[in-house]
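Engineer: As input, take final32.cif (mmCIF, C-alpha atoms):
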```cif
data_start
loop_
_atom_site.label_atom_id
_atom_site.label_comp_id
_atom_site.auth_asym_id
_atom_site.auth_seq_id
_atom_site.Cartn_x
_atom_site.Cartn_y
_atom_site.Cartn_z
CA MET A 1 9.05 4.71 10.23
CA GLN A 2 7.16 7.36 8.30
CA ILE A 3 3.36 7.12 8.17
CA TYR A 4 1.65 8.00 4.88
CA PRO A 5 -2.12 8.49 4.95
CA ALA A 6 -3.39 7.60 1.48
CA ILE A 7 -5.63 9.73 -0.70
CA ASP A 8 -6.67 7.92 -3.87
CA LEU A 9 -8.38 10.09 -6.46
CA LYS A 10 -11.00 8.97 -8.97
CA ASP A 11 -13.15 11.51 -10.82
CA GLY A 12 -11.99 14.18 -8.37
CA GLN A 13 -13.22 12.23 -5.34
CA VAL A 14 -11.40 10.41 -2.55
CA VAL A 15 -11.97 6.68 -2.96
CA ARG A 16 -10.57 3.31 -1.95
CA LEU A 17 -10.45 0.27 -4.19
CA ALA A 18 -10.57 -3.35 -3.08
CA GLN A 19 -7.68 -5.38 -4.53
CA GLY A 20 -7.20 -2.78 -7.26
CA ASP A 21 -10.66 -3.32 -8.76
CA PHE A 22 -12.02 -0.08 -10.26
CA ASP A 23 -15.52 -1.54 -10.00
CA GLN A 24 -15.10 -1.85 -6.23
CA ALA A 25 -14.52 1.81 -5.41
CA THR A 26 -15.91 3.24 -2.19
CA VAL A 27 -16.17 7.04 -2.02
CA TYR A 28 -14.88 8.50 1.25
CA GLY A 29 -14.93 12.18 0.39
CA THR A 30 -15.83 14.67 -2.30
CA ASP A 31 -13.36 17.34 -1.14
CA PRO A 32 -9.76 16.08 -1.28
CA GLY A 33 -8.48 19.28 0.31
CA ALA A 34 -10.68 18.76 3.37
CA VAL A 35 -9.44 15.17 3.70
CA ALA A 36 -5.84 16.38 3.53
CA ASP A 37 -6.58 18.99 6.18
CA THR A 38 -8.05 16.36 8.48
CA PHE A 39 -4.91 14.23 8.21
CA SER A 40 -2.76 17.29 8.90
CA GLN A 41 -4.68 18.08 12.07
CA LYS A 42 -3.96 14.56 13.31
CA GLY A 43 -0.22 14.98 12.87
CA ALA A 44 0.53 13.62 9.41
CA GLN A 45 3.79 14.90 7.94
CA TRP A 46 3.42 13.21 4.54
CA LEU A 47 0.54 12.18 2.31
CA HIS A 48 0.53 9.46 -0.33
CA VAL A 49 -1.70 10.61 -3.19
CA VAL A 50 -2.61 8.48 -6.22
CA ASP A 51 -4.31 9.63 -9.40
CA LEU A 52 -6.18 6.40 -10.15
CA ASP A 53 -7.59 7.73 -13.41
CA GLY A 54 -4.10 8.75 -14.50
CA ALA A 55 -2.68 5.35 -13.58
CA LYS A 56 -5.23 3.73 -15.85
CA SER A 57 -5.00 6.13 -18.79
CA GLY A 58 -1.52 7.63 -18.55
CA ILE A 59 -3.09 11.11 -18.72
CA VAL A 60 -3.12 13.76 -15.98
CA SER A 61 -6.68 13.43 -14.75
CA ASN A 62 -7.07 14.95 -11.27
CA LEU A 63 -4.83 18.02 -11.35
CA ALA A 64 -7.35 20.33 -9.67
CA ALA A 65 -7.82 17.88 -6.81
CA ILE A 66 -4.05 17.46 -6.44
CA GLU A 67 -3.55 21.23 -6.35
CA ARG A 68 -6.22 21.48 -3.67
CA ILE A 69 -4.48 18.82 -1.57
CA VAL A 70 -1.09 20.52 -1.87
CA GLY A 71 -2.71 23.86 -1.00
CA HIS A 72 -4.35 22.50 2.15
CA PHE A 73 -1.59 20.27 3.46
CA PRO A 74 1.38 21.95 5.20
CA GLY A 75 3.53 18.81 5.08
CA LYS A 76 4.93 16.94 2.10
CA VAL A 77 3.02 15.17 -0.65
CA GLN A 78 4.14 12.01 -2.42
CA LEU A 79 2.25 11.47 -5.68
CA GLY A 80 1.84 8.59 -8.11
CA GLY A 81 -0.42 7.57 -10.96
CA GLY A 82 0.11 8.15 -14.66
CA ILE A 83 3.51 9.85 -14.49
CA ARG A 84 4.97 8.61 -17.76
CA SER A 85 6.80 11.63 -19.15
CA VAL A 86 9.31 14.19 -17.94
CA ASP A 87 6.80 16.93 -18.71
CA THR A 88 4.19 15.37 -16.43
CA ALA A 89 6.79 14.96 -13.69
CA SER A 90 7.80 18.62 -14.06
CA LEU A 91 4.16 19.71 -13.92
CA TYR A 92 3.59 18.04 -10.56
CA LEU A 93 6.89 19.16 -9.02
CA GLU A 94 6.16 22.72 -10.07
CA ARG A 95 2.79 22.45 -8.33
CA GLY A 96 4.50 21.70 -5.03
CA VAL A 97 4.59 17.90 -4.95
CA GLU A 98 7.65 16.81 -2.98
CA ARG A 99 8.19 13.29 -4.29
CA LEU A 100 6.89 11.36 -7.29
CA VAL A 101 6.16 7.64 -7.39
CA LEU A 102 6.75 6.27 -10.87
CA GLY A 103 5.06 3.09 -11.97
CA THR A 104 4.28 1.97 -15.50
CA GLY A 105 6.61 4.45 -17.21
CA ALA A 106 9.65 3.49 -15.15
CA LEU A 107 8.95 -0.21 -15.52
CA THR A 108 8.24 -0.34 -19.26
CA ASP A 109 10.24 2.57 -20.73
CA PRO A 110 13.99 2.47 -19.91
CA ALA A 111 14.58 5.79 -21.70
CA PHE A 112 12.02 7.51 -19.48
CA LEU A 113 13.61 6.11 -16.33
CA GLU A 114 17.05 7.25 -17.47
CA ALA A 115 15.71 10.73 -18.21
CA MET A 116 14.13 10.95 -14.75
CA LEU A 117 17.34 9.78 -13.06
CA ALA A 118 19.29 12.44 -14.93
CA ARG A 119 16.88 15.32 -14.39
CA PHE A 120 15.28 14.61 -10.99
CA PRO A 121 17.74 12.55 -8.92
CA GLY A 122 16.34 11.85 -5.47
CA ARG A 123 12.93 13.30 -6.28
CA PHE A 124 11.17 10.05 -7.06
CA TYR A 125 10.66 6.47 -5.95
CA VAL A 126 9.46 3.62 -8.12
CA GLY A 127 6.25 1.89 -7.15
CA LEU A 128 5.90 -1.83 -7.77
CA ASP A 129 2.39 -3.22 -7.56
CA ILE A 130 2.56 -6.98 -7.17
CA ARG A 131 -0.09 -9.63 -7.74
CA ASN A 132 1.00 -13.25 -7.17
CA ASN A 133 4.67 -12.23 -7.50
CA ARG A 134 4.04 -10.57 -10.88
CA ILE A 135 4.39 -6.85 -11.52
CA ALA A 136 1.13 -5.15 -12.53
CA VAL A 137 1.09 -1.92 -14.58
CA SER A 138 -1.41 0.48 -16.15
CA GLY A 139 -3.54 0.85 -13.05
CA TRP A 140 -3.05 -2.82 -12.11
CA LEU A 141 -4.82 -3.92 -15.29
CA THR A 142 -1.86 -5.65 -16.98
CA GLU A 143 0.80 -7.98 -15.58
CA THR A 144 4.39 -8.14 -16.81
CA GLU A 145 7.17 -10.72 -16.75
CA GLY A 146 10.18 -10.44 -14.49
CA ASP A 147 11.10 -11.12 -10.86
CA PRO A 148 10.09 -8.13 -8.69
CA LEU A 149 13.12 -8.30 -6.39
CA ALA A 150 15.55 -8.59 -9.29
CA THR A 151 13.87 -5.62 -10.94
CA MET A 152 14.22 -3.55 -7.77
CA ARG A 153 17.88 -4.46 -7.34
CA THR A 154 18.65 -3.39 -10.89
CA MET A 155 16.81 -0.10 -10.46
CA ALA A 156 18.57 0.61 -7.17
CA GLU A 157 21.92 0.06 -8.88
CA LYS A 158 20.90 2.61 -11.52
CA GLY A 159 20.16 5.22 -8.84
CA VAL A 160 16.48 4.90 -7.94
CA ALA A 161 16.17 6.43 -4.46
CA GLY A 162 13.60 4.02 -3.02
CA PHE A 163 10.52 1.92 -3.63
CA VAL A 164 6.84 1.70 -2.77
CA TYR A 165 5.87 -1.98 -2.72
CA THR A 166 2.14 -2.74 -2.90
CA ASP A 167 0.71 -6.22 -2.49
CA ILE A 168 -2.44 -5.90 -4.61
CA LEU A 169 -4.20 -8.90 -3.09
CA LYS A 170 -3.80 -7.30 0.34
CA ASP A 171 -4.76 -3.79 -0.73
CA GLY A 172 -7.98 -2.55 0.82
CA MET A 173 -8.66 -5.85 2.56
CA LEU A 174 -7.45 -4.92 6.10
CA SER A 175 -6.08 -8.45 6.45
CA GLY A 176 -2.51 -7.55 7.38
CA PRO A 177 0.58 -6.83 5.24
CA ASN A 178 2.76 -9.45 3.57
CA LEU A 179 5.44 -9.38 6.26
CA PRO A 180 7.79 -12.06 4.85
CA VAL A 181 8.11 -10.06 1.64
CA TYR A 182 9.00 -6.86 3.48
CA HIS A 183 11.60 -8.63 5.64
CA ASP A 184 13.19 -9.95 2.43
CA LEU A 185 13.11 -6.58 0.69
CA VAL A 186 14.70 -4.74 3.61
CA ARG A 187 17.48 -7.34 3.79
CA SER A 188 18.07 -7.36 0.04
CA LEU A 189 17.89 -3.71 -1.02
CA PRO A 190 20.25 -0.81 -0.26
CA VAL A 191 17.50 1.83 -0.50
CA PRO A 192 14.33 2.55 1.53
CA VAL A 193 11.14 0.55 1.04
CA ILE A 194 7.66 1.86 1.79
CA ALA A 195 5.03 -0.79 2.52
CA SER A 196 1.53 -0.57 1.07
CA GLY A 197 -1.44 -2.90 1.27
CA GLY A 198 -3.29 -4.75 4.00
CA ILE A 199 -2.74 -2.61 7.08
CA GLY A 200 -5.84 -3.13 9.20
CA ARG A 201 -4.78 -2.54 12.80
CA ILE A 202 -2.12 -0.82 14.84
CA GLU A 203 -0.33 -4.15 15.40
CA ASP A 204 0.34 -4.33 11.65
CA LEU A 205 2.31 -1.10 11.91
CA LYS A 206 4.31 -2.47 14.80
CA SER A 207 5.19 -5.53 12.72
CA LEU A 208 6.24 -3.41 9.75
CA GLN A 209 8.37 -1.23 11.99
CA GLU A 210 10.09 -4.35 13.31
CA ALA A 211 10.63 -5.51 9.71
CA GLY A 212 12.60 -2.32 9.11
CA VAL A 213 10.59 -0.66 6.36
CA ALA A 214 11.11 3.08 6.00
CA GLY A 215 7.42 3.90 5.73
CA ALA A 216 3.90 2.53 5.72
CA ILE A 217 0.96 3.71 3.62
CA ILE A 218 -2.42 3.45 5.35
CA GLY A 219 -5.62 3.73 3.34
CA ARG A 220 -8.95 2.08 4.11
CA ALA A 221 -8.02 1.43 7.76
CA LEU A 222 -7.91 5.18 8.40
CA TYR A 223 -11.21 5.86 6.64
CA THR A 224 -13.05 3.09 8.48
CA GLY A 225 -11.51 3.92 11.85
CA ALA A 226 -9.73 0.57 12.16
CA VAL A 227 -6.48 2.48 12.71
CA ASP A 228 -6.27 5.79 14.56
CA LEU A 229 -3.85 8.17 12.85
CA VAL A 230 -2.85 9.93 16.08
CA GLN A 231 -1.94 6.56 17.61
CA ALA A 232 -0.11 5.53 14.44
CA MET A 233 1.96 8.72 14.43
CA ALA A 234 2.85 8.20 18.09
CA LEU A 235 3.93 4.62 17.38
CA SER A 236 6.15 5.73 14.51
CA GLY A 237 7.84 8.40 16.57
CA GLY A 238 6.53 11.06 14.21
CA GLY A 239 8.22 9.46 11.23
CA ASN A 240 11.82 10.29 12.09
CA ARG A 241 13.45 7.18 10.68
CA LYS A 242 16.03 6.34 8.05
CA GLU A 243 14.06 7.29 4.97
CA LYS A 244 15.74 10.08 3.06
CA ALA A 245 13.94 13.39 2.75
CA CYS A 246 13.83 14.97 -0.68
#
```
What's the structure tokens form of this structure?
Structural biologist:
Amino acid sequence: MQIYPAIDLKDGQVVRLAQGDFDQATVYGTDPGAVADTFSQKGAQWLHVVDLDGAKSGIVSNLAAIERIVGHFPGKVQLGGGIRSVDTASLYLERGVERLVLGTGALTDPAFLEAMLARFPGRFYVGLDIRNNRIAVSGWLTETEGDPLATMRTMAEKGVAGFVYTDILKDGMLSGPNLPVYHDLVRSLPVPVIASGGIGRIEDLKSLQEAGVAGAIIGRALYTGAVDLVQAMALSGGGNRKEKAC
């Protein structure tokens, strides 16, 4: 199981939201590059970076911070937030981002998803942010119709390489991940699933590993010290599991 320390960017700073609420943002660092360097020193091989401003507006909003992270981190960077055009995707890949996580654009614009599948096969996952079994888009501000699992199955059939599944009501709460959901997703989907939301202790990672997810994103628990990254990396075996590398 791959471990993904999370760096969420808002106004160029490293923050964490509680349950996706932009009004409940806690600042954990003003230098994203320094945060990335700290995670690298503790053994991280991947980072999960989110442009929160971009997710809300659909506009590239933290490019300088993202470039600083990529420049400081010797491993691979997975990036999401506001990627709603092929040009934006190209911009980030050219800057050294290894994998993109598409959200609103892939879920609401079939033509965009088809264009990404044609041009960047294997270079992106789709992120589904779920609140009460409904898919949320545009920075978690709007909910859409449709069954999340059915949506993921359809996308996997079309060629989407994997998914990041975030339980919004668990995100930032340190209350434990939604394990029944992840067991169901792993059984039902032919592609890797990365779990996000709720990890608050090392035992949560053990449970996710047993569920069979390909990766786990850890945010607030790392910043508060509830989870030690060195211990998490040791538990995961350094991340050498079934998830495909780009």
Engineer: In Å, how far is it from atom CA of A:Val126 to atom CA of A:Pro74?
Structural biologist: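 Straight-line distance from atom CA of A:Val126 to atom CA of A:Pro74 works out to 24.1 Å.
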Engineer: Compare A:Gly159, A:Val213, A:Gly96, A:Thr154 by their minimum atom-to-atom distance to A:Pro180, counting all atoms listed in the file, and give me the closest one.
Structural biologist: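 Under the stated criterion, the closest residue is A:Val213.
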Engineer: What does the distance from atom CA of A:Ala55 to atom CA of A:Arg84 come to in Å, to one decimal?
Structural biologist: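 These two atoms are separated by 9.3 Å.
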Engineer: Tell me, in Å to one decimal, how far atom CA of A:Glu114 is from atom CA of A:Leu185.
Structural biologist: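 Atom CA of A:Leu185 lies at a distance of 23.2 Å from atom CA of A:Glu114.
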Engineer: Applied to this file, what does the PyMOL selection byres ((chain A and resi 63) around 10) return in terms of residues, put as a PDB file with C-alpha atoms, keeping the file's coordinate frame?
Structural biologist:
```
ATOM      1  CA  LEU A   9      -8.380  10.090  -6.460  1.00  0.00           C
ATOM      2  CA  GLY A  12     -11.990  14.180  -8.370  1.00  0.00           C
ATOM      3  CA  ASP A  51      -4.310   9.630  -9.400  1.00  0.00           C
ATOM      4  CA  GLY A  54      -4.100   8.750 -14.500  1.00  0.00           C
ATOM      5  CA  VAL A  60      -3.120  13.760 -15.980  1.00  0.00           C
ATOM      6  CA  SER A  61      -6.680  13.430 -14.750  1.00  0.00           C
ATOM      7  CA  ASN A  62      -7.070  14.950 -11.270  1.00  0.00           C
ATOM      8  CA  ALA A  64      -7.350  20.330  -9.670  1.00  0.00           C
ATOM      9  CA  ALA A  65      -7.820  17.880  -6.810  1.00  0.00           C
ATOM     10  CA  ILE A  66      -4.050  17.460  -6.440  1.00  0.00           C
ATOM     11  CA  GLU A  67      -3.550  21.230  -6.350  1.00  0.00           C
ATOM     12  CA  ARG A  68      -6.220  21.480  -3.670  1.00  0.00           C
ATOM     13  CA  ILE A  69      -4.480  18.820  -1.570  1.00  0.00           C
ATOM     14  CA  LEU A  91       4.160  19.710 -13.920  1.00  0.00           C
ATOM     15  CA  TYR A  92       3.590  18.040 -10.560  1.00  0.00           C
ATOM     16  CA  ARG A  95       2.790  22.450  -8.330  1.00  0.00           C
TER      17      ARG A  95
END
```
Engineer: With all atoms listed in the file as the basis for distance, which of A:Phe22, A:Trp46, A:Phe163, A:Tyr125 is at the shortest distance from A:Met233?
Structural biologist: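 Counting all atoms listed in the file, the residue closest to A:Met233 is A:Trp46.
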Engineer: Got a sec to resolve the PyMOL selection byres ((chain A and resi 104-109) around 12) on this structure and send the residues as a count of residues only?
Structural biologist: 53
Engineer: List, as a count of residues only, every residue that the PyMOL selection byres ((chain A and resi 76) around 8) selects in the file provided.
Structural biologist: 10
Engineer: Choose the residue, out of A:Leu93, A:Leu189, A:Val50, A:Leu208, that has the smallest atom-to-atom separation from A:Glu157; count only C-alpha atoms.
Structural biologist: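 Smallest separation from A:Glu157 among the options: A:Leu189.
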Engineer: I'd like the contact shell of stretch 192-195 of chain A - 6 Å cut-off, all atoms listed in the file, skipping same-chain residues fewer than 3 positions apart - returned as an MDAnalysis selection string.
Structural biologist: chainID A and resid 162:165 213:216 243
Engineer: Which one of A:Ala232, A:Arg123, A:Val14, A:Pro190 sits closest to A:Lys42 if you count all atoms listed in the file?
Structural biologist: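 Of all the options, A:Ala232 lies closest to A:Lys42.
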Engineer: With distances taken over only C-alpha atoms, which of A:Phe120, A:Phe39, A:Tyr4, A:Tyr28 is nearest to A:Ile199?
Structural biologist: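 Result for the nearest residue to A:Ile199: A:Tyr4.
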Engineer: Report as an MDAnalysis selection string all protein, DNA and RNA residues lying within 10 Å of A:Thr224, evaluated on all atoms listed in the file, omitting residues in the same chain fewer than 4 positions from it.
Structural biologist: chainID A and resid 28 200 219:220 228
Engineer: Name the closest residue to A:Tyr223 among the candidates A:Gln209, A:Asn133, A:Thr26, A:Ser236; distances are taken between atoms, counting only C-alpha atoms.
Structural biologist: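 The closest residue to A:Tyr223 is A:Thr26.
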Engineer: In file coordinates, which residues lie within 6 Å of (-10.9, 6.7, -13.1) using all atoms listed in the file, given as a list in words?
Structural biologist: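 With a cut-off of 6 Å, the residues come to Lys10, Asp11, Leu52 and Asp53 of chain A.
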